[in-house]
$ cat upload05.cif   # mmCIF, C-alpha atoms
data_entry
#
loop_
_atom_site.label_atom_id
_atom_site.label_comp_id
_atom_site.auth_asym_id
_atom_site.auth_seq_id
_atom_site.Cartn_x
_atom_site.Cartn_y
_atom_site.Cartn_z
CA MET A 1 -243.78 44.93 68.32
CA SER A 2 -244.92 42.27 65.87
CA VAL A 3 -243.03 41.66 62.61
CA ILE A 4 -245.44 40.67 59.86
CA THR A 5 -244.64 39.44 56.37
CA ASP A 6 -246.68 38.71 53.26
CA LYS A 7 -246.85 35.54 51.14
CA PHE A 8 -243.44 36.36 49.61
CA GLY A 9 -241.77 37.14 52.94
CA ARG A 10 -241.85 40.92 52.42
CA PRO A 11 -242.15 42.85 55.72
CA LEU A 12 -244.41 45.85 56.27
CA LYS A 13 -242.05 48.82 56.74
CA ASP A 14 -243.46 51.82 54.87
CA LEU A 15 -246.86 53.49 54.90
CA ARG A 16 -248.09 56.05 52.35
CA ILE A 17 -251.07 58.07 53.60
CA SER A 18 -253.10 60.19 51.18
CA VAL A 19 -254.65 63.08 53.10
CA ILE A 20 -256.75 64.54 50.26
CA ASP A 21 -257.86 63.59 46.75
CA ARG A 22 -257.87 67.18 45.42
CA CYS A 23 -255.01 68.81 43.54
CA ASN A 24 -254.47 72.30 42.11
CA PHE A 25 -252.62 70.85 39.08
CA ARG A 26 -254.16 68.93 36.19
CA CYS A 27 -251.12 67.04 34.93
CA ARG A 28 -252.10 65.15 31.85
CA TYR A 29 -250.54 61.87 32.99
CA CYS A 30 -252.34 61.99 36.34
CA MET A 31 -255.47 64.19 36.53
CA PRO A 32 -256.35 65.30 32.99
CA LYS A 33 -258.96 68.06 32.77
CA GLU A 34 -261.12 65.98 30.49
CA ILE A 35 -261.82 63.71 33.46
CA PHE A 36 -261.10 65.93 36.47
CA GLY A 37 -262.88 69.05 35.20
CA ARG A 38 -264.85 71.75 37.00
CA ASP A 39 -267.76 69.36 37.50
CA PHE A 40 -265.72 66.53 39.00
CA VAL A 41 -266.98 65.58 42.46
CA PHE A 42 -264.19 65.16 45.00
CA MET A 43 -264.64 63.67 48.46
CA PRO A 44 -266.58 65.79 50.95
CA ARG A 45 -264.70 66.48 54.18
CA GLU A 46 -266.66 63.92 56.21
CA GLN A 47 -265.44 61.14 53.90
CA LEU A 48 -261.79 62.00 54.53
CA LEU A 49 -260.07 60.46 57.51
CA SER A 50 -259.75 62.98 60.32
CA PHE A 51 -256.30 63.75 61.73
CA GLU A 52 -257.24 61.79 64.85
CA GLU A 53 -258.21 58.77 62.73
CA ILE A 54 -254.98 59.00 60.73
CA GLU A 55 -252.98 59.22 63.97
CA ARG A 56 -254.75 56.18 65.41
CA LEU A 57 -254.17 54.14 62.26
CA ALA A 58 -250.53 55.25 62.07
CA LYS A 59 -249.90 54.05 65.64
CA ILE A 60 -251.35 50.64 64.75
CA PHE A 61 -249.11 50.35 61.69
CA VAL A 62 -246.02 51.47 63.61
CA ASP A 63 -246.75 48.78 66.19
CA LEU A 64 -246.66 46.28 63.30
CA GLY A 65 -243.24 47.38 62.06
CA VAL A 66 -243.78 50.52 59.96
CA ARG A 67 -240.88 52.94 60.43
CA LYS A 68 -241.48 55.40 57.60
CA ILE A 69 -244.60 57.37 56.77
CA ARG A 70 -245.04 59.54 53.68
CA LEU A 71 -247.97 61.94 53.35
CA THR A 72 -249.34 62.27 49.83
CA GLY A 73 -252.44 63.34 47.91
CA GLY A 74 -253.77 64.68 45.58
CA GLU A 75 -251.80 67.69 46.71
CA PRO A 76 -251.37 67.24 50.49
CA LEU A 77 -250.69 70.93 51.11
CA MET A 78 -254.31 71.60 50.13
CA ARG A 79 -255.39 69.80 53.33
CA ARG A 80 -256.10 72.51 55.88
CA ASP A 81 -253.90 72.60 58.99
CA LEU A 82 -251.62 69.81 57.76
CA PRO A 83 -248.82 70.77 60.23
CA LEU A 84 -251.17 69.71 63.05
CA LEU A 85 -251.24 66.18 61.64
CA ILE A 86 -247.46 66.13 61.24
CA LYS A 87 -247.06 67.17 64.88
CA LYS A 88 -249.30 64.26 65.95
CA LEU A 89 -247.32 61.78 63.84
CA THR A 90 -243.89 62.93 65.02
CA ALA A 91 -244.97 62.16 68.59
CA ILE A 92 -245.42 58.45 67.78
CA ASP A 93 -242.73 56.32 69.43
CA GLN A 94 -240.60 54.20 67.07
CA LEU A 95 -241.63 56.14 63.96
CA GLU A 96 -238.28 57.08 62.46
CA ASP A 97 -239.10 59.11 59.39
CA ILE A 98 -241.89 61.35 58.08
CA GLY A 99 -241.85 62.70 54.53
CA LEU A 100 -244.21 64.56 52.21
CA THR A 101 -244.74 64.43 48.45
CA THR A 102 -245.93 67.71 46.90
CA ASN A 103 -246.09 69.53 43.58
CA GLY A 104 -244.31 72.39 45.34
CA SER A 105 -246.69 75.16 44.29
CA LEU A 106 -247.75 75.84 47.90
CA LEU A 107 -244.45 74.89 49.51
CA GLY A 108 -243.06 78.41 49.81
CA HIS A 109 -245.90 79.40 52.16
CA SER A 110 -245.85 76.14 54.12
CA ALA A 111 -242.20 75.08 54.47
CA ALA A 112 -241.40 76.77 57.79
CA LYS A 113 -244.61 75.51 59.46
CA LEU A 114 -244.00 72.00 58.17
CA LYS A 115 -240.44 71.99 59.50
CA ASP A 116 -241.55 73.39 62.86
CA ALA A 117 -244.15 70.63 63.12
CA GLY A 118 -241.43 67.98 62.74
CA LEU A 119 -241.42 67.18 59.02
CA GLN A 120 -238.00 65.98 57.87
CA ARG A 121 -238.18 65.55 54.10
CA VAL A 122 -240.10 66.69 51.04
CA ASN A 123 -240.21 65.14 47.58
CA VAL A 124 -241.19 67.77 45.02
CA SER A 125 -242.65 66.79 41.66
CA LEU A 126 -241.23 68.87 38.80
CA ASP A 127 -241.29 67.62 35.23
CA ALA A 128 -239.58 70.46 33.31
CA LEU A 129 -237.67 73.71 33.73
CA ASP A 130 -238.96 75.17 30.47
CA GLU A 131 -241.74 77.64 31.29
CA GLU A 132 -244.21 76.87 28.53
CA LEU A 133 -243.62 73.13 28.65
CA PHE A 134 -244.15 72.95 32.40
CA LYS A 135 -247.36 74.99 32.13
CA SER A 136 -248.64 72.67 29.43
CA ILE A 137 -247.82 69.58 31.52
CA ASN A 138 -249.56 70.80 34.69
CA ASP A 139 -252.32 72.45 32.63
CA SER A 140 -252.88 74.98 35.41
CA GLY A 141 -250.89 78.04 34.34
CA VAL A 142 -248.23 77.59 37.04
CA GLY A 143 -244.65 78.11 35.91
CA PRO A 144 -241.56 76.32 37.27
CA GLU A 145 -240.31 79.44 39.07
CA ARG A 146 -242.99 79.11 41.75
CA VAL A 147 -242.00 75.50 42.40
CA LEU A 148 -238.28 76.35 42.41
CA LYS A 149 -238.90 79.11 44.97
CA GLY A 150 -240.75 76.57 47.11
CA ILE A 151 -237.79 74.20 46.87
CA GLN A 152 -235.41 76.98 47.87
CA LYS A 153 -237.57 77.90 50.86
CA ALA A 154 -237.71 74.26 51.97
CA LYS A 155 -233.91 74.08 51.85
CA GLU A 156 -233.59 77.33 53.78
CA VAL A 157 -235.70 76.06 56.67
CA GLY A 158 -233.73 72.82 56.85
CA LEU A 159 -235.92 70.30 55.05
CA GLU A 160 -234.20 67.61 53.01
CA VAL A 161 -235.39 68.00 49.40
CA LYS A 162 -235.56 65.54 46.54
CA VAL A 163 -237.09 66.27 43.14
CA ASN A 164 -239.13 63.73 41.17
CA MET A 165 -239.44 63.99 37.37
CA VAL A 166 -241.86 61.78 35.45
CA VAL A 167 -240.32 61.25 32.01
CA LYS A 168 -242.64 60.57 29.09
CA LYS A 169 -241.57 60.14 25.47
CA GLY A 170 -242.55 63.11 23.34
CA MET A 171 -243.53 65.17 26.37
CA ASN A 172 -240.39 66.10 28.28
CA ASP A 173 -237.62 63.61 27.48
CA HIS A 174 -235.52 66.48 26.07
CA GLU A 175 -235.50 68.02 29.58
CA VAL A 176 -233.59 65.10 31.12
CA VAL A 177 -230.12 66.68 30.86
CA PRO A 178 -231.13 70.30 31.69
CA MET A 179 -232.89 69.05 34.85
CA ALA A 180 -229.82 67.02 35.83
CA ALA A 181 -227.46 69.98 35.32
CA TYR A 182 -229.66 72.35 37.33
CA PHE A 183 -230.17 70.12 40.35
CA LYS A 184 -226.57 68.90 40.35
CA GLU A 185 -225.58 72.55 40.73
CA GLN A 186 -228.11 72.91 43.57
CA GLY A 187 -226.86 69.77 45.31
CA ILE A 188 -230.38 68.33 45.23
CA THR A 189 -231.11 64.70 44.37
CA LEU A 190 -233.16 64.33 41.18
CA ARG A 191 -235.05 61.12 40.56
CA TYR A 192 -236.38 60.11 37.17
CA ILE A 193 -239.64 58.16 37.22
CA GLU A 194 -240.60 55.97 34.31
CA PHE A 195 -244.08 56.79 32.97
CA MET A 196 -246.32 54.23 34.70
CA ASP A 197 -249.74 52.77 33.98
CA VAL A 198 -251.37 53.98 37.19
CA GLY A 199 -255.13 54.43 36.99
CA GLN A 200 -257.37 54.43 33.92
CA THR A 201 -257.13 57.98 32.57
CA ASN A 202 -253.51 58.72 31.67
CA GLY A 203 -253.41 57.07 28.22
CA TRP A 204 -250.44 54.85 29.07
CA ASP A 205 -248.76 52.44 26.70
CA PHE A 206 -245.23 51.04 26.38
CA SER A 207 -244.38 53.26 23.41
CA LYS A 208 -244.48 56.36 25.66
CA VAL A 209 -242.05 54.96 28.23
CA ILE A 210 -238.50 56.29 28.42
CA THR A 211 -236.60 53.62 30.34
CA LYS A 212 -233.91 54.04 32.95
CA LYS A 213 -231.37 52.70 30.43
CA GLN A 214 -232.33 55.36 27.87
CA ILE A 215 -232.18 58.17 30.46
CA TYR A 216 -228.84 56.92 31.77
CA GLU A 217 -227.43 56.91 28.24
CA GLN A 218 -228.36 60.59 27.89
CA LEU A 219 -226.80 61.47 31.24
CA LYS A 220 -223.51 59.64 30.78
CA GLU A 221 -222.77 61.68 27.65
CA GLN A 222 -222.64 64.75 29.90
CA PHE A 223 -221.70 63.50 33.39
CA ASP A 224 -219.49 60.92 35.11
CA LEU A 225 -221.74 58.74 37.27
CA GLU A 226 -221.01 55.95 39.75
CA ALA A 227 -223.52 53.53 41.29
CA VAL A 228 -224.49 53.91 44.95
CA ASP A 229 -225.58 50.94 47.05
CA PRO A 230 -229.17 50.91 48.38
CA ALA A 231 -229.49 52.45 51.83
CA TYR A 232 -232.10 49.95 53.07
CA LEU A 233 -234.29 47.00 52.05
CA GLY A 234 -237.10 48.17 49.82
CA GLU A 235 -235.43 51.38 48.63
CA VAL A 236 -237.24 52.17 45.41
CA ALA A 237 -234.73 54.36 43.59
CA LYS A 238 -231.64 52.97 41.90
CA ARG A 239 -229.05 55.56 42.90
CA TYR A 240 -226.01 57.09 41.19
CA ARG A 241 -223.59 59.79 42.31
CA TYR A 242 -221.88 62.41 40.19
CA VAL A 243 -218.21 61.46 40.55
CA GLY A 244 -216.38 63.80 42.92
CA THR A 245 -219.57 65.22 44.47
CA ASN A 246 -222.26 64.28 46.98
CA ALA A 247 -225.02 65.07 44.48
CA GLU A 248 -227.07 62.13 43.24
CA VAL A 249 -229.56 61.07 40.62
CA GLY A 250 -231.94 58.17 41.02
CA PHE A 251 -234.21 56.10 38.81
CA ILE A 252 -237.61 54.70 39.75
CA THR A 253 -237.96 51.82 37.32
CA SER A 254 -241.39 50.32 37.87
CA VAL A 255 -241.73 49.48 34.16
CA SER A 256 -238.28 48.37 32.94
CA GLU A 257 -236.77 46.93 36.15
CA SER A 258 -239.56 46.14 38.60
CA PHE A 259 -238.89 46.08 42.34
CA CYS A 260 -241.88 44.06 43.53
CA SER A 261 -239.64 41.53 45.28
CA THR A 262 -238.54 44.09 47.87
CA CYS A 263 -241.74 46.15 48.14
CA THR A 264 -242.51 46.87 51.80
CA ARG A 265 -245.21 49.53 51.26
CA ALA A 266 -248.87 49.77 52.19
CA ARG A 267 -251.07 52.67 51.17
CA ILE A 268 -254.00 54.39 52.84
CA ALA A 269 -256.23 56.40 50.49
CA ALA A 270 -257.83 59.65 51.60
CA ASP A 271 -261.08 57.88 52.50
CA GLY A 272 -259.33 55.30 54.67
CA LYS A 273 -259.12 52.37 52.26
CA MET A 274 -255.93 50.33 52.54
CA TYR A 275 -254.19 49.15 49.37
CA THR A 276 -251.32 46.69 49.23
CA CYS A 277 -250.09 47.79 45.78
CA LEU A 278 -249.96 51.02 43.78
CA PHE A 279 -251.67 49.15 40.94
CA ALA A 280 -254.38 47.57 43.08
CA GLU A 281 -257.96 47.13 41.95
CA ASN A 282 -259.60 46.89 45.38
CA GLY A 283 -258.96 48.23 48.86
CA PHE A 284 -259.93 47.39 52.43
CA ASP A 285 -262.16 49.89 54.24
CA PHE A 286 -260.50 51.04 57.46
CA ARG A 287 -262.63 54.16 57.83
CA GLU A 288 -265.60 51.94 58.61
CA LEU A 289 -263.54 50.08 61.22
CA LEU A 290 -262.21 53.29 62.77
CA ARG A 291 -265.73 54.69 63.07
CA SER A 292 -267.13 51.48 64.57
CA ASP A 293 -266.65 50.13 68.09
CA LYS A 294 -263.63 48.07 67.03
CA THR A 295 -260.65 48.17 69.39
CA ASP A 296 -257.10 48.93 68.27
CA ASP A 297 -256.22 45.26 68.66
CA GLU A 298 -259.14 44.21 66.45
CA ILE A 299 -258.08 46.68 63.75
CA LYS A 300 -254.48 45.49 64.09
CA ASP A 301 -255.63 41.90 63.54
CA GLU A 302 -257.31 43.04 60.32
CA VAL A 303 -254.05 44.64 59.07
CA ILE A 304 -252.13 41.46 59.94
CA HIS A 305 -254.63 39.31 58.04
CA ILE A 306 -254.47 41.55 54.96
CA TRP A 307 -250.67 41.74 54.89
CA ASN A 308 -250.15 38.04 55.63
CA ASN A 309 -252.25 37.25 52.56
CA ARG A 310 -250.64 39.82 50.26
CA THR A 311 -249.43 38.40 46.92
CA ASP A 312 -249.11 41.60 44.81
CA ARG A 313 -246.38 41.68 42.16
CA TYR A 314 -248.08 43.63 39.37
CA SER A 315 -244.97 45.16 37.81
CA ASP A 316 -243.31 41.74 37.59
CA GLU A 317 -246.33 40.44 35.69
CA ARG A 318 -247.25 43.50 33.60
CA THR A 319 -247.91 43.03 29.90
CA GLU A 320 -249.21 45.50 27.33
CA GLU A 321 -252.57 43.74 27.50
CA SER A 322 -252.84 43.60 31.30
CA ALA A 323 -251.86 47.25 31.55
CA LYS A 324 -254.83 48.18 29.37
CA SER A 325 -257.41 45.66 30.55
CA ARG A 326 -256.89 45.70 34.31
CA SER A 327 -259.07 48.13 36.26
CA LYS A 328 -256.80 50.26 38.48
CA ILE A 329 -257.48 53.10 40.89
CA GLU A 330 -256.26 56.63 40.09
CA MET A 331 -252.94 57.97 41.36
CA SER A 332 -254.65 61.10 42.69
CA TYR A 333 -256.84 58.91 44.91
CA ILE A 334 -254.30 56.44 46.25
CA GLY A 335 -251.30 58.76 46.48
CA GLY A 336 -247.95 58.08 44.78
#
$ encode --input "upload05.cif" --output "structure tokens"
Amino acid sequence: MSVITDKFGRPLKDLRISVIDRCNFRCRYCMPKEIFGRDFVFMPREQLLSFEEIERLAKIFVDLGVRKIRLTGGEPLMRRDLPLLIKKLTAIDQLEDIGLTTNGSLLGHSAAKLKDAGLQRVNVSLDALDEELFKSINDSGVGPERVLKGIQKAKEVGLEVKVNMVVKKGMNDHEVVPMAAYFKEQGITLRYIEFMDVGQTNGWDFSKVITKKQIYEQLKEQFDLEAVDPAYLGEVAKRYRYVGTNAEVGFITSVSESFCSTCTRARIAADGKMYTCLFAENGFDFRELLRSDKTDDEIKDEVIHIWNNRTDRYSDERTEESAKSRSKIEMSYIGG
């Protein structure tokens, strides 16, 4: 196995793979209907990487040091026969961890098959417990009960579950404490994500950001919290435990406390383009390489070259102006 590092000495350890660009939600901070309406043209099937292509690429990345793979979208559970892909990935030697990020709306039907295929963990996006608020956020008529039932089913079949909540000022910041109380009772880790300037369509600006410090201030009025040390290099969430329990909350602080210096993640979009940062402008086309006569070693050399030359540190450098002027790809395309 080769160990490769970028220009700042950051190793390649984690790979996010988007399996589809479609989603059945239209969350206003991610895929607003005004842009992603009925007429929006998503990728045809032949443009998506096949499961065999994803497997081949995953093996190459694992050989270069990747130990964790997370499947994302869009909504990955909309990709037909997804458990077949998970089964292929779990068979890869030296791959230690496979997770999935989902909005949870299809999880109840899929949880047992995902677990049987070898999936270990799911991260479920849920931004509110209030029925009407959650429906207005996802703009798809789906209430929180369906997602909560999916979470319960995932727990029942033995999947580790974490919940992600994007917090946006004026949208759902009043749900911070109710969400904490509910998932503390369930023994499920809840992670608060600062509203980020991913893509071009979510209307981001600093005034809509609720920072980790502001969320923490709300929580400590209701709960006793103690800091938890990171579990590994590159762990994104800053973790806290409710005193006297094993239940945790975490904070993903891309805006207020950037973590570029320990970022070990590469991303593969649904069409096979590799991105070295969530906020990237351009990707590297691996679908073309996979569908050419290139050998695995030749493709591996391309990954090494890209990573060795990586200099991304967008969140360290972000300003109000750069956030608005820089052209960035959409979250639904690159995966979270």
$ resolve_selection --input "upload05.cif" --expression "the PyMOL selection byres ((chain A and resi 53) around 12)" --output "compact mmCIF listing (two decimals) with C-alpha atoms, in the frame of the given file"
# COMPACT_ATOMS: atom_id res chain seq x y z
CA ILE A 17 -251.07 58.07 53.60
CA VAL A 19 -254.65 63.08 53.10
CA GLU A 46 -266.66 63.92 56.21
CA GLN A 47 -265.44 61.14 53.90
CA LEU A 48 -261.79 62.00 54.53
CA LEU A 49 -260.07 60.46 57.51
CA SER A 50 -259.75 62.98 60.32
CA PHE A 51 -256.30 63.75 61.73
CA GLU A 52 -257.24 61.79 64.85
CA ILE A 54 -254.98 59.00 60.73
CA GLU A 55 -252.98 59.22 63.97
CA ARG A 56 -254.75 56.18 65.41
CA LEU A 57 -254.17 54.14 62.26
CA ALA A 58 -250.53 55.25 62.07
CA LYS A 59 -249.90 54.05 65.64
CA ILE A 60 -251.35 50.64 64.75
CA LEU A 85 -251.24 66.18 61.64
CA LYS A 88 -249.30 64.26 65.95
CA LEU A 89 -247.32 61.78 63.84
CA ILE A 268 -254.00 54.39 52.84
CA ALA A 270 -257.83 59.65 51.60
CA ASP A 271 -261.08 57.88 52.50
CA GLY A 272 -259.33 55.30 54.67
CA PHE A 286 -260.50 51.04 57.46
CA ARG A 287 -262.63 54.16 57.83
CA GLU A 288 -265.60 51.94 58.61
CA LEU A 289 -263.54 50.08 61.22
CA LEU A 290 -262.21 53.29 62.77
CA ARG A 291 -265.73 54.69 63.07
CA SER A 292 -267.13 51.48 64.57
CA ASP A 296 -257.10 48.93 68.27
$ resolve_selection --input "upload05.cif" --expression "the PyMOL selection byres ((chain A and resi 10-13) around 7)" --output "ChimeraX atom specification"
/A:4-6,8-9,14-15,65-68,262-265
$ atom_distance --input "upload05.cif" --atom1 "CA of Thr101 in chain A" --atom2 "CA of Leu71 in chain A"
6.4 Å
$ atom_distance --input "upload05.cif" --atom1 "CA of Ala247 in chain A" --atom2 "CA of Glu226 in chain A"
11.0 Å
$ atom_distance --input "upload05.cif" --atom1 "CA of Val41 in chain A" --atom2 "CA of Ile86 in chain A"
27.1 Å
$ closest_residue --input "upload05.cif" --among "A:Val122, A:Ile193, A:Val176, A:Ile252" --to "Glu221 in chain A" --atoms "only C-alpha atoms"
A:Val176
$ resolve_selection --input "upload05.cif" --expression "the PyMOL selection byres ((chain A and resi 186) around 12)" --output "number ranges by chain"
A: 148, 151-152, 155, 161-163, 179-185, 187-190, 245-248
$ closest_residue --input "upload05.cif" --among "A:Glu235, A:Asp21, A:Glu156, A:Asp293" --to "Thr72 in chain A" --atoms "only C-alpha atoms"
A:Asp21
$ residues_around --input "upload05.cif" --residues "Tyr192 in chain A" --least-positions-apart "5" --cutoff "8 Å" --atoms "all atoms listed in the file" --output "list in words"
Asn164, Met165, Val166, Val167, Lys212, Val249, Gly250, Phe251 and Ile252 of chain A
$ residues_near_point --input "upload05.cif" --point "(-255.9, 68.1, 51.5)" --cutoff "6 Å" --atoms "all atoms listed in the file" --output "VMD selection string"
chain A and resid 19 to 20 76 to 79
